[in-house]
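J.: Pasting a structure below so you can have a look.
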Amino acid sequence: MSLEIVKGEGSYLIDKDGNRYLDLVSGLSVNALGYQNEAIKDAIEKQMNQYLHLSNYFISEPVVKLAKLLVHHSFASKVFFSNSGTEANEAALKLARKYGSEKHPDKIEVLTFTNSFHGRTYGGLSLTGQSKYQSIFKPIVPGIEHVRFNDIEDLIEHVNPNTCAFFLELIQGEGGVHEVSQEFMDILVRLAKEYDFLIIVDDIQAGMGRTGDLFSYEKLNFTPDLLTIAKSLGGGIPLGAMLVSKRLENIFLAGQHGSTFGGNPLACRVGAVVLETIIQPEFQKSVKAKGFYFKKSIEELMVKYPHIMKEVRGRGLMIGFDVGEYANRIKALALRKGLILNSTNQTVIRLLPPLTISYEEIDEFLIGLDQILEEIEERD
Ligand SMILES: Cc1ncc(COP(=O)(O)O)c(C=O)c1O
């Protein structure tokens with residue numbers, strides 16, 4: 001895509017020639033409240049008039065406020081702020097290794113899923129279970145093994161007394177929108193207790209209201225030890241966080257981890273606006289309802305175009321539908337109709353619209369998609 005965007009408005013992007021596009025990607029799950037949200041603009045202006053950056057030598061009210069909000073609305077007792085998702089995962093990886101090695105020097109093995117995505121720093125890409133991201137950068141961080149997705153037998157084979165953590169996305173985003181099963185989670189939780197390892201949820205894409213719950217673990221019957229978030233958290237300003245459970249809050253001692261910009265006051269002030277919006281029960285209810293409508297309507301198109309549409313997956317406003325070889329063609333035709341789509345894992349169209357998308361906008365997408373599928377069917 002080589003569009004030059006000059007402005008965003010609500011759920012739309014506007015290019016330099018004045019063309020409007022309905023954005024079903026939202027900066028890859030970042031612009032959860034859409035473009036030009038008034039409360040975000042107001043927060044930026046207010047913070048700009050105080051200070052933009054301080055360093056952690058000082059107490060900064062917006063940073064403390066966001067940390068308290070995250071603690072109040074999750075399992076966590078402490079929060080570490082980063083600038084990005086992959087940095088939040090780096091922090092979690094370091095914490096897990098320290099947790100394990102304090103019990104026993106060999107307890108440093110980390111498990112993640114095949115087909116997962118955890119970022120592009122060395123720790124992040126080593127956790128990522130896709131060789132295409134790793135092969136040209138070898139050697140990767142040692143001591144990380146990949147378990148086949150949702151495969152309980154493979155999990156049992158990999159877990160051992162040296163395991164210190166299992167890192168996982170509960171809905172794989174980059175991997176094609178696949179959900180972890182409750183069955184798998186039940187066994188993972190049992191093994192984590194038995195072998196004393198941490199369960200670390202990477203909620204960078206699926207968290208912050210995307211699934212209709214504040215965090216994606218809420219629907220599954222367990223509580224993570226660590227959780228990483230980013231993307232939507234900063235509402236467009238770079239911000240990530242690692243949420244830490246009570247029993248782990250003193251693993252990192254002062255100076256053992258840190259970041260100059262992580263927890264920047266401007267980013268945190270905007271983050272608090274995003275979080276205060278998303279925690280509203282009505283907001284979460286609306287995401288769930290819109291997600292249900294979206295998915296049901298796409299399923300209807302699947303019945304109408306069975307040769308093209310193979311499967312619809314996902315939760316809330318994180319939806320993927322498999323269109324086999326047609327993914328790139330659908331994306332290109334959509335762009336001509338003013339619809340911005342994203343594909344992942346080659347065959348999957350992944351929808352990550354702003355959580356504030358309206359029903360009229362969803363219908364605009366559905367009508368466009370129907371026309372595109374009809375056109376493809378007629379030509380083939
Ligand atoms: C699940 C998941 N983890 C980690 C990352 C990396 O986040 P960032 O690009 O902010 O470093 C991403 C980004 O797409 C992601 O989807």
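Chain identifiers are assigned as A, B, and so on, following the order in which chains appear in the structure tokens; residues are numbered from 1 within each chain, and ligands are numbered from 1 in order of appearance.
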Show me, as a VMD selection string, the residues that have an atom within 12 Å of Gly18 of chain A when counting only C-alpha atoms, minus same-chain residues fewer than 2 positions from it.
T.: chain A and resid 3 to 8 12 to 16 20 to 21 338
J.: List every residue of segment 122-211 of chain A that DSSP, applied to the backbone, labels as helix (DSSP H, G or I), and write the result as a VMD selection string.
T.: chain A and resid 122 to 127 131 to 137 152 to 158 182 to 195
J.: May I have the residues within 12 Å of Lys138 of chain A as a PDB file with N, CA, C and O atoms, in the first residue's frame, using only C-alpha atoms and disregarding those fewer than 4 positions away in the same chain?
T.:
ATOM      1  N   TYR A 122      15.550  -9.018  20.036  1.00  0.00           N
ATOM      2  CA  TYR A 122      16.072 -10.392  20.096  1.00  0.00           C
ATOM      3  C   TYR A 122      15.226 -11.305  20.987  1.00  0.00           C
ATOM      4  O   TYR A 122      14.941 -12.440  20.618  1.00  0.00           O
ATOM      5  N   LEU A 125      11.732 -11.781  19.105  1.00  0.00           N
ATOM      6  CA  LEU A 125      11.724 -12.671  17.930  1.00  0.00           C
ATOM      7  C   LEU A 125      12.129 -14.089  18.301  1.00  0.00           C
ATOM      8  O   LEU A 125      11.744 -15.047  17.624  1.00  0.00           O
ATOM      9  N   SER A 126      12.853 -14.236  19.422  1.00  0.00           N
ATOM     10  CA  SER A 126      13.202 -15.586  19.866  1.00  0.00           C
ATOM     11  C   SER A 126      11.970 -16.284  20.468  1.00  0.00           C
ATOM     12  O   SER A 126      11.807 -17.494  20.337  1.00  0.00           O
ATOM     13  N   SER A 131       9.698 -19.395  12.053  1.00  0.00           N
ATOM     14  CA  SER A 131      11.113 -19.352  11.648  1.00  0.00           C
ATOM     15  C   SER A 131      11.395 -18.208  10.675  1.00  0.00           C
ATOM     16  O   SER A 131      12.521 -17.712  10.625  1.00  0.00           O
ATOM     17  N   LYS A 132      10.375 -17.745   9.944  1.00  0.00           N
ATOM     18  CA  LYS A 132      10.626 -16.661   8.977  1.00  0.00           C
ATOM     19  C   LYS A 132      11.140 -15.381   9.663  1.00  0.00           C
ATOM     20  O   LYS A 132      11.840 -14.586   9.054  1.00  0.00           O
ATOM     21  N   TYR A 133      10.792 -15.215  10.936  1.00  0.00           N
ATOM     22  CA  TYR A 133      11.263 -14.020  11.638  1.00  0.00           C
ATOM     23  C   TYR A 133      12.652 -14.234  12.258  1.00  0.00           C
ATOM     24  O   TYR A 133      13.316 -13.291  12.659  1.00  0.00           O
ATOM     25  N   GLN A 134      13.037 -15.516  12.400  1.00  0.00           N
ATOM     26  CA  GLN A 134      14.256 -15.826  13.161  1.00  0.00           C
ATOM     27  C   GLN A 134      15.441 -16.216  12.306  1.00  0.00           C
ATOM     28  O   GLN A 134      16.575 -15.868  12.628  1.00  0.00           O
ATOM     29  N   PRO A 142      18.966 -18.324  23.505  1.00  0.00           N
ATOM     30  CA  PRO A 142      18.825 -19.762  23.789  1.00  0.00           C
ATOM     31  C   PRO A 142      17.790 -20.053  24.871  1.00  0.00           C
ATOM     32  O   PRO A 142      17.345 -19.156  25.576  1.00  0.00           O
TER      33      PRO A 142
END
J.: Which residue gives the smallest distance to ligand 1 among A:Gln47, A:Ser216, A:Ser181, A:Thr223, with only C-alpha atoms and all ligand atoms counted?
T.: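 Among the listed residues, A:Ser216 lies closest to ligand 1.
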J.: Would you name the residues within 8 Å of ligand 1, counting only C-alpha atoms and all ligand atoms, and put them as an MDAnalysis selection string?
T.: chainID A and resid 28 83:87 89 116:121 124 169 172:174 202:206 230:231 238:240
J.: Give me, please, the distance in Å between atom CA of Asp322 of chain A and atom CA of Ile187 of chain A, quoted to one decimal.
T.: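 According to the coordinates, atom CA of Asp322 of chain A and atom CA of Ile187 of chain A are separated by 28.7 Å.
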J.: Going by DSSP on the backbone, which bits of segment 223-352 of chain A are strand (DSSP E or B)? Write them as JSON, numbers by chain, please.
T.: {"A": [226, 227, 228, 229, 240, 241, 242, 243, 244, 311, 312, 313, 314, 315, 318, 319, 320, 321, 322, 339, 340, 342, 343, 344, 348, 349, 350, 351]}
J.: How many Å separate atom CA of Leu198 of chain A from atom CA of Ser74 of chain A?
T.: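 Atom CA of Ser74 of chain A lies 16.9 Å from atom CA of Leu198 of chain A.
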J.: Considering only C-alpha atoms, can you say which of A:Phe58, A:Phe166, A:Tyr51, A:Phe81 comes closest to Gly100 of chain A?
T.: A:Phe166
J.: Applying 9 Å and only C-alpha atoms, which residues near segment 356-364 of chain A remain after dropping the ones on its own chain fewer than 2 positions away? List them as number ranges by chain.
T.: A: 10-11, 22, 24, 32-34, 283, 286-287, 290, 293-294, 339, 353-354, 366-369
J.: Using C-alpha atoms, can you write the selected residues to a file as an mmCIF file, in the first residue's frame?
T.:
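Ended up saving to selection10.cif:
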data_model
loop_
_atom_site.group_PDB
_atom_site.id
_atom_site.type_symbol
_atom_site.label_atom_id
_atom_site.label_comp_id
_atom_site.auth_asym_id
_atom_site.auth_seq_id
_atom_site.Cartn_x
_atom_site.Cartn_y
_atom_site.Cartn_z
ATOM 1 C CA GLY A 10 -13.239 8.895 13.481
ATOM 2 C CA SER A 11 -12.982 5.569 11.624
ATOM 3 C CA LEU A 22 -12.863 3.300 6.109
ATOM 4 C CA LEU A 24 -10.526 -1.621 9.382
ATOM 5 C CA ALA A 32 -8.928 1.935 19.462
ATOM 6 C CA LEU A 33 -10.839 5.204 19.958
ATOM 7 C CA GLY A 34 -10.521 6.225 16.315
ATOM 8 C CA PHE A 283 -18.290 0.284 26.039
ATOM 9 C CA SER A 286 -20.945 -2.483 22.594
ATOM 10 C CA VAL A 287 -17.674 -4.067 21.384
ATOM 11 C CA LYS A 290 -20.635 -5.168 17.235
ATOM 12 C CA TYR A 293 -22.927 -8.615 14.343
ATOM 13 C CA PHE A 294 -19.704 -8.480 12.304
ATOM 14 C CA LEU A 339 -11.860 0.089 2.528
ATOM 15 C CA PRO A 353 -11.251 -1.699 13.326
ATOM 16 C CA PRO A 354 -11.412 1.135 15.857
ATOM 17 C CA LEU A 366 -20.119 -5.555 4.570
ATOM 18 C CA ILE A 367 -21.766 -4.134 1.441
ATOM 19 C CA GLY A 368 -18.318 -3.498 -0.080
ATOM 20 C CA LEU A 369 -17.116 -7.003 0.785
#
J.: Could you state the separation of atom CA of Val270 of chain A and atom CA of Gly258 of chain A in Å, given to one decimal place?
T.: 21.0 Å
J.: Do you know which residues are at most 6 Å from segment 340-346 of chain A counting only C-alpha atoms, after dropping those on the same chain fewer than 3 positions away, and could you put them as a PyMOL selection string?
T.: chain A and resi 23-24+174-176+331+335+349-350
J.: When distances are computed from only C-alpha atoms, which of A:Glu311, A:Ile237, A:Gly123, A:Leu95 shows the smallest separation from Phe252 of chain A?
T.: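 Nearest to Phe252 of chain A: A:Leu95.
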J.: Using only C-alpha atoms, which residue out of A:Leu333, A:Ala272, A:Val201, A:Phe80 lies closest to Ile44 of chain A?
T.: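 Counting only C-alpha atoms, the residue closest to Ile44 of chain A is A:Ala272.
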J.: How close does segment 180-279 of chain A get to segment 152-160 of chain A? List, as a Markdown table, each residue of segment 180-279 of chain A within 12 Å, its nearest atom pair and the distance in Å to one decimal, counting only C-alpha atoms.
T.:
| residue | atom | partner | partner_atom | distance |
| --- | --- | --- | --- | --- |
| A:Val180 | CA | A:Ile152 | CA | 11.1 |
| A:Ser181 | CA | A:Ile152 | CA | 10.1 |
| A:Gln182 | CA | A:Ile152 | CA | 11.1 |
| A:Glu183 | CA | A:Ile152 | CA | 8.3 |
| A:Phe184 | CA | A:Ile152 | CA | 5.9 |
| A:Met185 | CA | A:Ile152 | CA | 9.2 |
| A:Asp186 | CA | A:Ile152 | CA | 9.9 |
| A:Ile187 | CA | A:Ile152 | CA | 7.3 |
| A:Leu188 | CA | A:Leu155 | CA | 7.8 |
| A:Val189 | CA | A:Leu155 | CA | 11.5 |
| A:Arg190 | CA | A:Ile156 | CA | 10.9 |
| A:Leu191 | CA | A:Val159 | CA | 7.7 |
| A:Ala192 | CA | A:Val159 | CA | 8.8 |
| A:Lys193 | CA | A:Val159 | CA | 11.6 |
| A:Glu194 | CA | A:Asn160 | CA | 9.7 |
| A:Tyr195 | CA | A:Asn160 | CA | 6.8 |
| A:Asp196 | CA | A:Asn160 | CA | 9.7 |
| A:Phe197 | CA | A:Val159 | CA | 9.3 |
| A:Leu198 | CA | A:Val159 | CA | 11.8 |
J.: Taking a cut-off of 8 Å and counting only C-alpha atoms, can you build a table that, for each residue of segment 232-282 of chain A near segment 65-71 of chain A, reports the nearest atom pair and how far apart they are in Å (one decimal), sorted by chain then residue number, as a Markdown table?
T.:
| residue | atom | partner | partner_atom | distance |
| --- | --- | --- | --- | --- |
| A:Leu243 | CA | A:Val71 | CA | 7.8 |
| A:Cys268 | CA | A:Leu66 | CA | 6.1 |
| A:Arg269 | CA | A:Leu66 | CA | 7.3 |
| A:Gly271 | CA | A:Leu66 | CA | 6.7 |
| A:Ala272 | CA | A:Leu66 | CA | 5.1 |
| A:Leu275 | CA | A:Leu69 | CA | 7.7 |
J.: Those selected residues, please, written with C-alpha atoms and delivered as a tab-separated table (two decimals), in the first residue's frame.
T.:
chain	number	residue	atom	x	y	z
A	243	LEU	CA	1.44	-6.12	34.58
A	268	CYS	CA	0.49	7.72	30.18
A	269	ARG	CA	-1.91	10.65	30.25
A	271	GLY	CA	-3.27	5.90	28.15
A	272	ALA	CA	-5.48	6.84	31.10
A	275	LEU	CA	-8.37	2.96	29.71
J.: Closest to Met208 of chain A among A:Glu276, A:Glu109, A:Glu325, A:Glu45, using only C-alpha atoms?
T.: A:Glu276
J.: Write out as a short mmCIF file (atom, residue, chain, number, x, y, z; two decimals) with N, CA and C atoms, in the first residue's frame the residues lying within 10 Å of segment 372-379 of chain A, counting only C-alpha atoms and excluding same-chain residues fewer than 2 positions away.
T.:
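Just written: part.cif:
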data_model
loop_
_atom_site.label_atom_id
_atom_site.label_comp_id
_atom_site.auth_asym_id
_atom_site.auth_seq_id
_atom_site.Cartn_x
_atom_site.Cartn_y
_atom_site.Cartn_z
N LEU A 301 -21.96 -14.28 4.54
CA LEU A 301 -21.24 -14.17 3.26
C LEU A 301 -20.50 -15.48 2.95
N MET A 302 -20.11 -16.17 4.00
CA MET A 302 -19.42 -17.45 3.81
C MET A 302 -20.38 -18.46 3.16
N LYS A 304 -22.86 -17.61 1.26
CA LYS A 304 -23.12 -17.12 -0.11
C LYS A 304 -21.94 -17.39 -1.04
N TYR A 305 -20.73 -17.32 -0.51
CA TYR A 305 -19.52 -17.49 -1.36
C TYR A 305 -18.62 -18.60 -0.80
N HIS A 307 -16.87 -20.88 -2.11
CA HIS A 307 -15.60 -21.18 -2.79
C HIS A 307 -14.50 -20.23 -2.33
N ILE A 308 -14.90 -19.06 -1.88
CA ILE A 308 -13.88 -18.06 -1.52
C ILE A 308 -13.67 -18.03 0.00
N MET A 309 -14.76 -17.97 0.73
CA MET A 309 -14.69 -17.81 2.19
C MET A 309 -14.65 -19.18 2.88
N TYR A 326 -7.20 -15.83 -2.22
CA TYR A 326 -7.82 -14.56 -2.64
C TYR A 326 -7.46 -13.35 -1.76
N ARG A 329 -6.00 -10.23 -3.51
CA ARG A 329 -6.96 -9.65 -4.46
C ARG A 329 -8.08 -8.91 -3.71
N ILE A 330 -8.57 -9.52 -2.66
CA ILE A 330 -9.64 -8.88 -1.88
C ILE A 330 -9.15 -7.56 -1.29
N LYS A 331 -7.93 -7.57 -0.80
CA LYS A 331 -7.36 -6.35 -0.20
C LYS A 331 -7.25 -5.23 -1.24
N ALA A 332 -6.78 -5.59 -2.44
CA ALA A 332 -6.60 -4.58 -3.49
C ALA A 332 -7.95 -4.04 -3.96
N LEU A 333 -8.92 -4.94 -4.14
CA LEU A 333 -10.25 -4.49 -4.59
C LEU A 333 -10.90 -3.63 -3.50
N ALA A 334 -10.68 -3.99 -2.27
CA ALA A 334 -11.26 -3.23 -1.15
C ALA A 334 -10.72 -1.80 -1.14
N LYS A 337 -12.43 0.44 -3.29
CA LYS A 337 -13.76 0.83 -2.78
C LYS A 337 -13.66 1.69 -1.54
N LEU A 366 -19.48 -4.29 4.98
CA LEU A 366 -20.12 -5.55 4.57
C LEU A 366 -20.67 -5.47 3.14
N ILE A 367 -21.23 -4.32 2.81
CA ILE A 367 -21.77 -4.13 1.44
C ILE A 367 -20.60 -4.19 0.45
N GLY A 368 -19.50 -3.50 0.79
CA GLY A 368 -18.32 -3.50 -0.08
C GLY A 368 -17.76 -4.90 -0.25
N LEU A 369 -17.68 -5.65 0.85
CA LEU A 369 -17.12 -7.00 0.79
C LEU A 369 -18.00 -7.91 -0.07
N ASP A 370 -19.30 -7.77 0.10
CA ASP A 370 -20.24 -8.57 -0.70
C ASP A 370 -20.00 -8.31 -2.20
#
